$ cat structure-v9.txt   # compact mmCIF, C-alpha atoms and all ligand atoms
# COMPACT_ATOMS: atom_id res chain seq x y z
CA MET Y 182 -119.29 108.38 79.93
CA PHE Y 183 -118.65 112.10 79.95
CA THR Y 184 -122.07 113.26 80.97
CA ASN Y 185 -123.18 116.69 81.92
CA ILE Y 186 -124.04 116.30 85.59
CA ASP Y 187 -126.49 119.22 85.54
CA ALA Y 188 -130.00 118.14 84.64
CA PRO Y 189 -131.00 119.46 81.21
CA THR Y 190 -133.33 122.42 81.21
CA MET Y 191 -136.80 122.25 79.70
CA ARG Y 192 -135.55 124.23 76.72
CA GLU Y 193 -132.68 121.79 76.15
CA MET Y 194 -135.07 118.87 76.34
CA ASN Y 195 -137.46 120.51 73.89
CA ARG Y 196 -134.64 121.37 71.52
CA SER Y 197 -133.50 117.75 71.63
CA THR Y 198 -137.07 116.56 70.99
CA VAL Y 199 -137.29 118.80 67.92
CA LEU Y 200 -133.89 117.64 66.66
CA ASN Y 201 -134.86 113.97 67.10
CA MET Y 202 -138.05 114.63 65.10
CA ILE Y 203 -136.03 116.16 62.28
CA TYR Y 204 -133.54 113.28 62.42
CA HIS Y 205 -136.18 110.56 62.22
CA TYR Y 206 -138.77 112.24 59.94
CA ASP Y 207 -136.40 114.17 57.67
CA PRO Y 208 -137.62 116.19 55.76
CA ILE Y 209 -140.35 117.58 58.00
CA SER Y 210 -142.12 120.92 58.40
CA ARG Y 211 -142.38 122.98 61.59
CA SER Y 212 -146.14 122.41 61.74
CA GLU Y 213 -145.71 118.63 61.43
CA ILE Y 214 -143.22 118.70 64.34
CA SER Y 215 -145.82 120.64 66.33
CA ARG Y 216 -148.47 118.04 65.50
CA LYS Y 217 -146.22 115.11 66.49
CA THR Y 218 -144.78 116.59 69.70
CA GLY Y 219 -147.60 118.78 71.01
CA LEU Y 220 -145.15 121.70 71.35
CA ASN Y 221 -146.59 125.02 70.26
CA LYS Y 222 -145.52 126.57 66.98
CA THR Y 223 -143.84 129.61 68.52
CA THR Y 224 -141.60 127.41 70.69
CA ILE Y 225 -140.76 125.24 67.70
CA SER Y 226 -139.90 128.22 65.48
CA TYR Y 227 -137.57 129.52 68.17
CA LEU Y 228 -135.88 126.15 68.70
CA VAL Y 229 -135.55 125.51 64.97
CA ASP Y 230 -133.84 128.90 64.58
CA GLU Y 231 -131.35 127.83 67.25
CA LEU Y 232 -130.75 124.53 65.47
CA ILE Y 233 -130.24 126.28 62.12
CA ASP Y 234 -127.78 128.69 63.79
CA SER Y 235 -125.89 125.71 65.28
CA GLY Y 236 -125.42 124.33 61.76
CA LEU Y 237 -127.16 121.01 62.56
CA VAL Y 238 -130.36 121.75 60.65
CA VAL Y 239 -131.01 123.25 57.22
CA GLU Y 240 -134.11 124.35 55.34
CA THR Y 241 -134.53 122.18 52.26
CA GLY Y 242 -137.26 123.78 50.19
CA SER Y 243 -140.97 123.31 50.47
CA GLU Y 244 -143.54 120.59 50.04
CA SER Y 245 -146.78 121.03 48.17
CA SER Y 246 -149.53 120.94 50.78
CA GLY Y 247 -152.33 120.62 48.24
CA GLN Y 248 -153.89 123.66 49.86
CA PRO Y 249 -154.00 127.16 48.47
CA GLY Y 250 -151.44 129.53 49.97
CA ARG Y 251 -147.84 129.18 50.93
CA ASN Y 252 -146.33 125.67 51.12
CA PRO Y 253 -144.54 124.77 54.35
CA ILE Y 254 -140.76 124.90 54.38
CA LEU Y 255 -139.14 121.57 55.16
CA LEU Y 256 -136.30 120.93 57.59
CA SER Y 257 -133.46 118.43 57.24
CA ILE Y 258 -130.43 117.36 59.21
CA ASN Y 259 -127.25 118.92 57.87
CA LYS Y 260 -125.64 115.50 57.74
CA ASP Y 261 -122.14 116.77 57.00
CA ALA Y 262 -122.13 119.36 59.79
CA GLY Y 263 -119.79 117.17 61.83
CA HIS Y 264 -118.16 113.74 61.93
CA CYS Y 265 -117.89 110.85 64.36
CA ILE Y 266 -115.23 108.19 64.70
CA GLY Y 267 -116.27 104.56 65.15
CA ILE Y 268 -113.77 101.93 66.25
CA HIS Y 269 -114.38 98.20 66.31
CA LEU Y 270 -111.87 96.27 68.34
CA GLU Y 271 -112.06 92.61 67.33
CA VAL Y 272 -110.14 89.72 68.85
CA THR Y 273 -107.47 89.92 66.13
CA PHE Y 274 -107.98 93.22 64.32
CA LEU Y 275 -109.21 96.77 64.51
CA THR Y 276 -111.53 98.56 62.09
CA ALA Y 277 -111.98 102.33 62.19
CA VAL Y 278 -114.44 104.52 60.31
CA ILE Y 279 -115.27 108.19 60.12
CA THR Y 280 -118.94 108.83 59.43
CA ASN Y 281 -121.12 111.86 59.00
CA LEU Y 282 -124.23 112.37 61.12
CA ARG Y 283 -126.17 109.88 58.96
CA GLY Y 284 -123.65 107.08 59.47
CA GLU Y 285 -122.28 107.41 55.92
CA VAL Y 286 -118.66 106.27 55.86
CA LYS Y 287 -116.20 108.96 54.76
CA PHE Y 288 -113.02 107.11 55.66
CA LYS Y 289 -112.15 103.58 56.69
CA SER Y 290 -109.03 101.79 57.83
CA GLU Y 291 -108.42 98.26 58.98
CA ARG Y 292 -105.41 96.60 60.52
CA ASP Y 293 -104.32 93.51 62.39
CA LEU Y 294 -103.89 94.08 66.07
CA ASP Y 295 -102.62 91.43 68.39
CA VAL Y 296 -103.79 92.46 71.81
CA ALA Y 297 -103.48 89.05 73.45
CA ASP Y 298 -100.96 90.17 76.07
CA MET Y 299 -101.99 93.79 76.44
CA SER Y 300 -103.16 95.37 79.68
CA GLY Y 301 -105.98 97.89 79.91
CA ASP Y 302 -103.34 100.65 80.16
CA SER Y 303 -101.50 99.66 77.00
CA LEU Y 304 -104.76 99.15 75.11
CA THR Y 305 -105.81 102.63 76.25
CA GLU Y 306 -102.62 104.04 74.68
CA VAL Y 307 -103.15 102.12 71.43
CA LEU Y 308 -106.77 103.28 71.13
CA ALA Y 309 -106.01 106.92 71.93
CA GLN Y 310 -103.19 106.96 69.37
CA GLU Y 311 -105.35 105.26 66.75
CA ILE Y 312 -108.25 107.68 67.28
CA ASN Y 313 -105.89 110.67 67.09
CA LEU Y 314 -104.50 109.43 63.78
CA ILE Y 315 -107.95 108.75 62.35
CA ALA Y 316 -109.25 112.16 63.45
CA ASP Y 317 -106.69 113.79 61.12
CA GLN Y 318 -108.47 112.12 58.19
CA ALA Y 319 -111.86 113.71 58.96
CA PRO Y 320 -113.20 115.96 56.19
CA GLU Y 321 -113.54 119.65 57.01
CA SER Y 322 -116.82 120.50 58.69
CA SER Y 323 -118.26 123.24 60.85
CA LEU Y 324 -118.49 121.11 64.02
CA GLY Y 325 -115.40 118.98 63.33
CA VAL Y 326 -115.01 115.61 65.07
CA ILE Y 327 -117.78 115.35 67.65
CA GLY Y 328 -116.62 112.24 69.47
CA ALA Y 329 -115.43 108.65 69.20
CA GLY Y 330 -117.27 105.41 69.86
CA ILE Y 331 -115.55 102.11 70.62
CA ALA Y 332 -117.17 98.71 70.08
CA LEU Y 333 -115.64 95.98 72.20
CA PRO Y 334 -115.88 92.19 72.26
CA GLY Y 335 -116.66 92.25 75.95
CA ILE Y 336 -118.94 93.45 78.69
CA ILE Y 337 -119.45 97.02 79.77
CA TYR Y 338 -121.00 96.66 83.21
CA SER Y 339 -124.19 98.68 83.58
CA ASP Y 340 -123.51 99.72 87.17
CA THR Y 341 -119.86 100.83 86.91
CA GLY Y 342 -119.34 101.60 83.20
CA ARG Y 343 -116.17 99.53 83.42
CA ALA Y 344 -115.21 97.04 80.75
CA GLU Y 345 -114.23 93.41 80.98
CA LEU Y 346 -112.62 91.71 77.99
CA SER Y 347 -112.23 88.10 78.95
CA ASN Y 348 -110.52 87.26 75.63
CA TYR Y 349 -107.73 89.68 76.57
CA GLY Y 350 -107.66 88.98 80.29
CA ILE Y 351 -108.68 92.60 80.96
CA ALA Y 352 -111.03 93.42 83.81
CA ASP Y 353 -112.23 96.59 85.52
CA TRP Y 354 -111.07 98.85 82.68
CA ASN Y 355 -112.41 102.39 82.82
CA ILE Y 356 -112.22 102.75 79.06
CA GLU Y 357 -114.34 105.84 78.37
CA GLU Y 358 -112.57 107.97 80.93
CA SER Y 359 -109.03 106.71 80.34
CA VAL Y 360 -109.16 106.98 76.52
CA GLY Y 361 -111.28 110.16 76.64
CA ARG Y 362 -108.74 111.89 78.89
CA GLN Y 363 -106.24 111.82 76.02
CA LEU Y 364 -108.58 113.25 73.39
CA PRO Y 365 -110.20 116.62 72.78
CA PHE Y 366 -113.69 115.08 72.37
CA PRO Y 367 -115.80 112.59 74.37
CA VAL Y 368 -115.42 108.83 74.05
CA TYR Y 369 -118.21 106.27 74.40
CA ALA Y 370 -117.84 102.50 74.55
CA ALA Y 371 -120.27 99.60 74.27
CA ASN Y 372 -120.32 95.91 73.52
CA ASP Y 373 -119.89 95.20 69.78
CA GLY Y 374 -123.28 93.52 69.39
CA HIS Y 375 -124.95 96.42 71.19
CA CYS Y 376 -123.21 98.91 68.86
CA GLY Y 377 -124.44 97.02 65.80
CA ALA Y 378 -127.99 97.05 67.16
CA ILE Y 379 -127.85 100.75 68.00
CA GLY Y 380 -126.51 101.70 64.58
CA GLU Y 381 -128.93 99.56 62.59
CA SER Y 382 -131.87 100.75 64.68
CA LEU Y 383 -130.92 104.43 64.40
CA LEU Y 384 -130.17 104.36 60.68
CA ARG Y 385 -133.13 102.18 59.72
CA HIS Y 386 -135.46 104.04 62.11
CA ALA Y 387 -136.41 100.58 63.45
CA LYS Y 388 -137.85 100.34 66.96
CA ASP Y 389 -137.88 96.57 67.42
CA LEU Y 390 -134.76 94.97 66.09
CA VAL Y 391 -132.27 92.26 67.02
CA PHE Y 392 -128.73 92.42 65.73
CA ILE Y 393 -126.58 89.30 65.43
CA TYR Y 394 -122.85 89.81 65.08
CA LEU Y 395 -120.83 87.05 63.46
CA GLY Y 396 -117.13 87.35 64.03
CA TYR Y 397 -114.86 84.92 65.76
CA GLY Y 398 -117.83 84.23 68.05
CA LEU Y 399 -121.48 85.25 67.99
CA GLY Y 400 -122.74 88.35 69.79
CA GLY Y 401 -125.82 90.49 69.57
CA GLY Y 402 -127.94 93.34 70.76
CA ILE Y 403 -131.64 93.87 71.39
CA ILE Y 404 -133.61 97.03 70.66
CA LEU Y 405 -137.20 97.06 71.88
CA ASP Y 406 -139.44 100.13 71.75
CA GLY Y 407 -136.46 102.11 70.46
CA GLN Y 408 -134.25 101.30 73.47
CA ILE Y 409 -131.17 99.12 73.73
CA ARG Y 410 -131.80 96.44 76.36
CA LYS Y 411 -128.67 96.04 78.42
CA GLY Y 412 -129.99 93.83 81.21
CA VAL Y 413 -129.05 93.99 84.87
CA ARG Y 414 -125.31 93.46 84.27
CA GLY Y 415 -125.05 94.72 80.71
CA VAL Y 416 -124.84 91.36 78.92
CA ALA Y 417 -128.29 91.18 77.30
CA GLY Y 418 -127.98 89.98 73.71
CA SER Y 419 -125.22 87.45 74.43
CA PHE Y 420 -127.07 84.94 72.31
CA GLY Y 421 -123.89 83.03 71.49
CA HIS Y 422 -123.92 81.50 74.95
CA THR Y 423 -127.46 80.19 74.90
CA THR Y 424 -127.47 76.39 74.91
CA LEU Y 425 -128.25 74.53 71.72
CA TYR Y 426 -127.06 71.07 72.85
CA PRO Y 427 -126.68 70.31 76.59
CA MET Y 428 -124.27 67.46 75.70
CA GLY Y 429 -122.51 69.44 72.96
CA ILE Y 430 -119.07 70.89 72.38
CA GLN Y 431 -117.47 72.69 75.34
CA CYS Y 432 -117.43 76.48 74.99
CA SER Y 433 -114.87 79.04 76.18
CA CYS Y 434 -117.47 80.15 78.74
CA GLY Y 435 -117.26 76.76 80.46
CA ASN Y 436 -120.70 75.50 79.39
CA TYR Y 437 -121.43 72.83 76.81
CA GLY Y 438 -123.21 73.16 73.49
CA CYS Y 439 -123.45 76.97 73.29
CA TRP Y 440 -124.96 78.30 70.05
CA GLU Y 441 -121.69 80.01 69.08
CA GLN Y 442 -119.98 76.61 68.97
CA TYR Y 443 -122.25 75.85 65.98
CA ALA Y 444 -122.78 79.27 64.40
CA SER Y 445 -119.78 81.63 64.37
CA GLY Y 446 -116.58 82.21 62.45
CA GLN Y 447 -114.88 79.62 64.62
CA ALA Y 448 -117.69 77.09 63.95
CA LEU Y 449 -117.46 77.67 60.19
CA LEU Y 450 -113.74 76.92 60.39
CA ARG Y 451 -114.49 73.65 62.20
CA TYR Y 452 -117.01 72.61 59.52
CA LEU Y 453 -114.31 73.24 56.91
CA HIS Y 454 -111.78 71.21 58.88
CA ASP Y 455 -114.37 68.42 58.97
CA GLU Y 456 -114.42 68.67 55.15
CA ARG Y 457 -110.59 68.40 55.28
CA VAL Y 458 -110.01 71.87 53.85
CA ALA Y 459 -108.75 75.23 55.26
CA ASP Y 460 -106.12 73.35 57.30
CA GLU Y 461 -103.79 76.34 57.04
CA PHE Y 462 -106.09 78.29 59.38
CA GLN Y 463 -106.20 77.58 63.09
CA THR Y 464 -108.35 80.53 64.08
CA ALA Y 465 -111.20 82.52 62.53
CA ASN Y 466 -109.24 85.67 61.78
CA ARG Y 467 -109.55 88.25 59.01
CA ASP Y 468 -107.43 86.20 56.56
CA PHE Y 469 -109.64 83.18 57.14
CA PHE Y 470 -112.84 85.16 56.46
CA GLN Y 471 -111.42 86.54 53.21
CA HIS Y 472 -110.24 83.08 52.15
CA ALA Y 473 -113.58 81.42 52.98
CA ILE Y 474 -115.61 84.09 51.16
CA HIS Y 475 -113.38 83.95 48.10
CA THR Y 476 -113.37 80.14 47.93
CA VAL Y 477 -117.10 79.59 48.39
CA LYS Y 478 -117.80 82.13 45.66
CA ASN Y 479 -115.62 80.04 43.36
CA HIS Y 480 -118.00 77.11 43.59
CA SER Y 481 -116.18 74.83 46.00
CA GLU Y 482 -118.65 72.12 46.97
CA LYS Y 483 -116.99 71.50 50.32
CA TYR Y 484 -117.15 75.18 51.21
CA GLU Y 485 -120.75 75.39 50.07
CA ARG Y 486 -121.64 72.45 52.35
CA ALA Y 487 -119.85 74.06 55.30
CA PHE Y 488 -121.59 77.42 54.76
CA LYS Y 489 -124.93 75.62 54.50
CA MET Y 490 -124.34 73.83 57.81
CA PHE Y 491 -123.36 77.16 59.37
CA GLY Y 492 -126.59 78.72 57.99
CA ARG Y 493 -128.71 75.87 59.34
CA TYR Y 494 -127.41 76.33 62.89
CA LEU Y 495 -127.73 80.09 62.61
CA GLY Y 496 -131.33 79.58 61.54
CA ILE Y 497 -132.17 77.42 64.59
CA GLY Y 498 -131.00 80.11 67.01
CA ILE Y 499 -132.56 82.92 64.99
CA ALA Y 500 -135.93 81.16 65.03
CA ASN Y 501 -135.63 80.94 68.84
CA ILE Y 502 -134.94 84.67 69.04
CA GLY Y 503 -137.87 85.40 66.72
CA SER Y 504 -140.23 83.44 68.93
CA SER Y 505 -138.99 84.87 72.21
CA LEU Y 506 -138.62 88.56 71.30
CA ASN Y 507 -140.85 88.92 68.24
CA PRO Y 508 -138.75 91.72 66.67
CA GLU Y 509 -139.74 93.36 63.41
CA THR Y 510 -136.29 92.69 61.98
CA ILE Y 511 -133.34 90.43 62.75
CA VAL Y 512 -130.21 91.87 61.18
CA ILE Y 513 -127.08 89.79 60.64
CA GLY Y 514 -123.76 91.63 60.60
CA GLY Y 515 -120.12 90.76 60.15
CA ALA Y 516 -117.54 90.19 57.44
CA LEU Y 517 -119.07 86.86 56.36
CA ASN Y 518 -122.08 88.75 54.96
CA GLU Y 519 -120.12 89.02 51.72
CA ALA Y 520 -120.96 85.33 51.29
CA ALA Y 521 -124.56 85.69 52.53
CA ASP Y 522 -125.87 84.01 49.35
CA PHE Y 523 -124.42 80.76 50.71
CA PHE Y 524 -126.03 80.83 54.16
CA LEU Y 525 -128.94 83.30 54.26
CA PRO Y 526 -131.35 81.09 52.22
CA GLU Y 527 -130.66 78.25 54.68
CA ILE Y 528 -131.43 80.53 57.64
CA ILE Y 529 -134.69 81.68 56.07
CA SER Y 530 -135.74 78.12 55.27
CA VAL Y 531 -135.07 76.97 58.87
CA VAL Y 532 -136.93 79.98 60.27
CA GLU Y 533 -139.89 79.28 57.97
CA ARG Y 534 -139.93 75.57 58.86
CA SER Y 535 -139.90 76.29 62.59
CA LEU Y 536 -142.50 78.90 61.97
CA SER Y 537 -144.64 79.88 64.86
CA TRP Y 538 -147.12 82.66 64.28
CA ALA Y 539 -144.72 84.97 66.14
CA ASN Y 540 -142.09 84.63 63.41
CA GLN Y 541 -144.38 85.40 60.52
CA LEU Y 542 -143.76 89.13 60.56
CA THR Y 543 -140.05 88.97 61.37
CA ASN Y 544 -137.69 89.77 58.50
CA VAL Y 545 -134.22 88.25 58.54
CA ILE Y 546 -131.82 90.45 56.59
CA THR Y 547 -128.12 91.26 56.34
CA ALA Y 548 -126.72 94.41 57.90
CA ARG Y 549 -124.90 97.19 56.08
CA GLN Y 550 -121.18 96.61 55.61
CA ASP Y 551 -119.19 97.66 58.70
CA ALA Y 552 -122.36 97.76 60.81
CA VAL Y 553 -120.40 97.48 64.07
CA PRO Y 554 -117.91 100.34 63.61
CA ILE Y 555 -120.73 102.43 62.11
CA GLY Y 556 -122.75 101.53 65.22
CA ALA Y 557 -119.87 102.74 67.40
CA SER Y 558 -120.13 106.03 65.53
CA ALA Y 559 -123.92 106.02 66.04
CA LEU Y 560 -123.25 105.76 69.77
CA VAL Y 561 -121.64 109.20 69.52
CA ILE Y 562 -124.54 110.63 67.47
CA LEU Y 563 -127.03 109.42 70.08
CA ASN Y 564 -125.08 110.55 73.10
CA THR Y 565 -124.15 113.98 71.78
CA VAL Y 566 -126.22 115.29 68.89
CA LEU Y 567 -129.53 113.60 69.72
CA ARG Y 568 -129.23 113.29 73.47
CA SER Y 569 -132.37 113.91 75.40
CA PRO Y 570 -133.89 112.37 78.49
CA LEU Y 571 -137.27 112.48 76.79
CA VAL Y 572 -136.87 111.14 73.29
CA ASN Y 573 -135.35 107.88 72.20
CA PRO Y 574 -132.05 107.91 74.10
CA ALA Y 575 -131.34 104.45 72.67
CA TYR Y 576 -128.08 104.21 74.60
CA ALA Y 577 -127.82 106.34 77.68
ZN ZN U 1 -120.57 79.59 75.84

$ encode --input "structure-v9.txt" --output "structure tokens" --more "lines below"
Ligand SMILES: [Zn+2]
Amino acid sequence: MFTNIDAPTMREMNRSTVLNMIYHYDPISRSEISRKTGLNKTTISYLVDELIDSGLVVETGSESSGQPGRNPILLSINKDAGHCIGIHLEVTFLTAVITNLRGEVKFKSERDLDVADMSGDSLTEVLAQEINLIADQAPESSLGVIGAGIALPGIIYSDTGRAELSNYGIADWNIEESVGRQLPFPVYAANDGHCGAIGESLLRHAKDLVFIYLGYGLGGGIILDGQIRKGVRGVAGSFGHTTLYPMGIQCSCGNYGCWEQYASGQALLRYLHDERVADEFQTANRDFFQHAIHTVKNHSEKYERAFKMFGRYLGIGIANIGSSLNPETIVIGGALNEAADFFLPEIISVVERSLSWANQLTNVITARQDAVPIGASALVILNTVLRSPLVNPAYA
């Protein structure tokens, strides 16, 4: 991570605090910021002037205070002041988005990418090239492209910042530095499930949230008290490898009966094979997802049964997460969400049946489309625009 090694000054920290307030409580008045932060009004006026000069903040009219006299002027984020690039590297394809500072997608591209035999060096080249091409598509803005975030199906070790992608046979890959060296803006990388959690938490202003990512496998991320929980090695949220059946199917991780063997793209494909359909697919790739979504929507009984089975097993694991972490919201992301009508009711019914009091306040919902690449973009917003050691550095 390209961090500024000098400690931030008090003024920088205060400015970041004010900006975070405007980001999360938009639109908000100067006096309300003072009330929420305890900073005095003179300091806030000064910092807000700096933020307006930087182009990040705009005045957006006034709110009736109900009191006689002048109504306070409200402040908002200038959401199109700059753009961020979010990349999601999946096992078989790559999705890229350009978002504004509110995570709204301005451009999207998707392509197959076979990285099975690539080294860290060649993947570095591919990513740098891809990001350079995407950056050319960014709309004009005063701050331009602020940075790029990369969501990976692997581990970013907390102590070294180096990535390991076991699906690609890549270990000890210094991704942020090696890709960032070839670009004119900083690069941040995180596990795909962590990116989804960061994005959904930032854009929903949710402080206690679990994100489940359904792709080829099943990943996730945990936000508690507004912070991503990475764990001692950086693998917190790897729910796919929690055991559902000790005597179950063997998993790629070496254990038996992992949850992702029963609830993932690959598991859905197996349920369909059990129904003697989808034989033309051997792996849960992008074509398979599109085919499965299309077919289940066309009232295929076999597909409906397979999706229901998939939903049931998802529900069992989700109920476990609800009981152990008691989040406000569990958000499910991934391409299969387009067919959520065929598995979400099953999840909710399993969660309700296994209901402990802890689950009663937990909502299970689907994520926005492209939650993971948008989350990669949110990683940039957090680490650049909103960065502060004091306020909600959800991924630092
Ligand atoms: Zn496993």

$ closest_residue --input "structure-v9.txt" --among "Y:Asp230, Y:Glu509, Y:Asp261, Y:Glu519" --to "Val326 of chain Y" --atoms "all atoms listed in the file"
Y:Asp261

$ closest_residue --input "structure-v9.txt" --among "Y:His480, Y:Trp440, Y:Met490, Y:Thr547" --to "ligand ZN 1 (chain U)" --atoms "only C-alpha atoms and all ligand atoms"
Y:Trp440

$ atom_distance --input "structure-v9.txt" --atom1 "atom CA of His386 of chain Y" --atom2 "atom CA of Leu525 of chain Y"
23.1 Å

$ residues_near_ligand --input "structure-v9.txt" --ligand "ligand ZN 1 (chain U)" --cutoff "12 Å" --atoms "only C-alpha atoms and all ligand atoms" --output "list in words"
Gly398, Leu399, Gly400, Ser419, Phe420, Gly421, His422, Thr423, Thr424, Leu425, Tyr426, Pro427, Gly429, Ile430, Gln431, Cys432, Ser433, Cys434, Gly435, Asn436, Tyr437, Gly438, Cys439, Trp440, Glu441, Gln442, Tyr443, Ala444 and Ser445 of chain Y

$ atom_distance --input "structure-v9.txt" --atom1 "atom CA of Val272 of chain Y" --atom2 "atom CA of Ile336 of chain Y"
13.7 Å

$ atom_distance --input "structure-v9.txt" --atom1 "atom CA of Tyr494 of chain Y" --atom2 "atom CA of Val531 of chain Y"
8.7 Å

$ closest_residue --input "structure-v9.txt" --among "Y:Asn313, Y:Asn479, Y:Ser339, Y:Asn466" --to "Asp293 of chain Y" --atoms "only C-alpha atoms"
Y:Asn466

$ closest_residue --input "structure-v9.txt" --among "Y:Leu333, Y:Leu567, Y:Ile403, Y:Val368" --to "Ser382 of chain Y" --atoms "only C-alpha atoms"
Y:Ile403

$ closest_residue --input "structure-v9.txt" --among "Y:Gly503, Y:Pro367, Y:Gly380, Y:Gly301" --to "Trp354 of chain Y" --atoms "all atoms listed in the file"
Y:Gly301

$ closest_residue --input "structure-v9.txt" --among "Y:Arg216, Y:Lys222, Y:Arg493, Y:Lys483" --to "Asp455 of chain Y" --atoms "all atoms listed in the file"
Y:Lys483

$ residues_around --input "structure-v9.txt" --residues "His475 of chain Y" --least-positions-apart "3" --cutoff "12 Å" --atoms "only C-alpha atoms" --output "ChimeraX atom specification"
/Y:468-472,478-481,484-485,516-517,519-520,523

$ residues_around --input "structure-v9.txt" --residues "segment 357-365 of chain Y" --least-positions-apart "5" --cutoff "7 Å" --atoms "all atoms listed in the file" --output "list of chain:residue names"
Y:Met182, Y:Thr305, Y:Leu308, Y:Ala309, Y:Ala370

$ write_last_selection --input "structure-v9.txt" --atoms "C-alpha atoms" --output "short mmCIF file (atom, residue, chain, number, x, y, z; two decimals), in the coordinates of the input"
data_model
loop_
_atom_site.label_atom_id
_atom_site.label_comp_id
_atom_site.auth_asym_id
_atom_site.auth_seq_id
_atom_site.Cartn_x
_atom_site.Cartn_y
_atom_site.Cartn_z
CA MET Y 182 -119.29 108.38 79.93
CA THR Y 305 -105.81 102.63 76.25
CA LEU Y 308 -106.77 103.28 71.13
CA ALA Y 309 -106.01 106.92 71.93
CA ALA Y 370 -117.84 102.50 74.55
#

$ axis_aligned_box --input "structure-v9.txt" --around "segment 380-397 of chain Y" --padding-each-side "6 Å" --output "lines of an AutoDock Vina configuration file"
center_x = -126.4
center_y = 94.7
center_z = 63.6
size_x = 35.0
size_y = 31.5
size_z = 19.7

$ closest_atom_pairs --input "structure-v9.txt" --of "segment 343-423 of chain Y" --to "segment 284-287 of chain Y" --cutoff "12 Å" --atoms "only C-alpha atoms" --output "tab-separated table"
residue	atom	partner	partner_atom	distance
Y:Gly377	CA	Y:Gly284	CA	11.9
Y:Ile379	CA	Y:Gly284	CA	11.4
Y:Gly380	CA	Y:Gly284	CA	8.0
Y:Glu381	CA	Y:Gly284	CA	9.7
Y:Ser382	CA	Y:Gly284	CA	11.6
Y:Leu383	CA	Y:Gly284	CA	9.2
Y:Leu384	CA	Y:Gly284	CA	7.2
Y:Arg385	CA	Y:Gly284	CA	10.7

$ residues_around --input "structure-v9.txt" --residues "Leu275 of chain Y" --least-positions-apart "6" --cutoff "8 Å" --atoms "only C-alpha atoms" --output "list in words"
Ile268, His269, Glu291, Arg292, Asp293 and Leu294 of chain Y

$ residues_near_point --input "structure-v9.txt" --point "(-122.7, 92.7, 55.7)" --cutoff "10 Å" --atoms "only C-alpha atoms" --output "list in words"
Tyr394, Leu395, Val512, Ile513, Gly514, Gly515, Ala516, Leu517, Asn518, Glu519, Ala520, Ala521, Ile546, Thr547, Ala548, Arg549, Gln550, Asp551, Ala552 and Val553 of chain Y

$ residues_around --input "structure-v9.txt" --residues "Thr280 of chain Y" --least-positions-apart "6" --cutoff "8 Å" --atoms "all atoms listed in the file" --output "PyMOL selection string"
chain Y and resi 264-267+286-288+555+558

$ decode --input "structure-v9.txt" --residues "segment 275-294 of chain Y" --atoms "C-alpha atoms" --output "mmCIF file, in the first residue's frame"
data_model
loop_
_atom_site.group_PDB
_atom_site.id
_atom_site.type_symbol
_atom_site.label_atom_id
_atom_site.label_comp_id
_atom_site.auth_asym_id
_atom_site.auth_seq_id
_atom_site.Cartn_x
_atom_site.Cartn_y
_atom_site.Cartn_z
ATOM 1 C CA LEU Y 275 -12.055 -10.159 -15.024
ATOM 2 C CA THR Y 276 -14.609 -7.419 -14.366
ATOM 3 C CA ALA Y 277 -13.621 -3.756 -14.323
ATOM 4 C CA VAL Y 278 -15.671 -0.716 -13.326
ATOM 5 C CA ILE Y 279 -15.117 3.002 -13.084
ATOM 6 C CA THR Y 280 -17.132 4.591 -10.296
ATOM 7 C CA ASN Y 281 -17.578 8.064 -8.933
ATOM 8 C CA LEU Y 282 -16.995 8.826 -5.251
ATOM 9 C CA ARG Y 283 -20.403 7.354 -4.353
ATOM 10 C CA GLY Y 284 -19.680 4.008 -6.004
ATOM 11 C CA GLU Y 285 -21.999 4.743 -8.951
ATOM 12 C CA VAL Y 286 -20.795 2.834 -12.004
ATOM 13 C CA LYS Y 287 -19.860 5.054 -14.952
ATOM 14 C CA PHE Y 288 -18.234 2.385 -17.086
ATOM 15 C CA LYS Y 289 -18.010 -1.390 -16.971
ATOM 16 C CA SER Y 290 -16.190 -4.049 -18.943
ATOM 17 C CA GLU Y 291 -15.969 -7.780 -18.549
ATOM 18 C CA ARG Y 292 -13.826 -10.368 -20.243
ATOM 19 C CA ASP Y 293 -12.665 -13.945 -19.957
ATOM 20 C CA LEU Y 294 -9.176 -14.262 -18.610
#
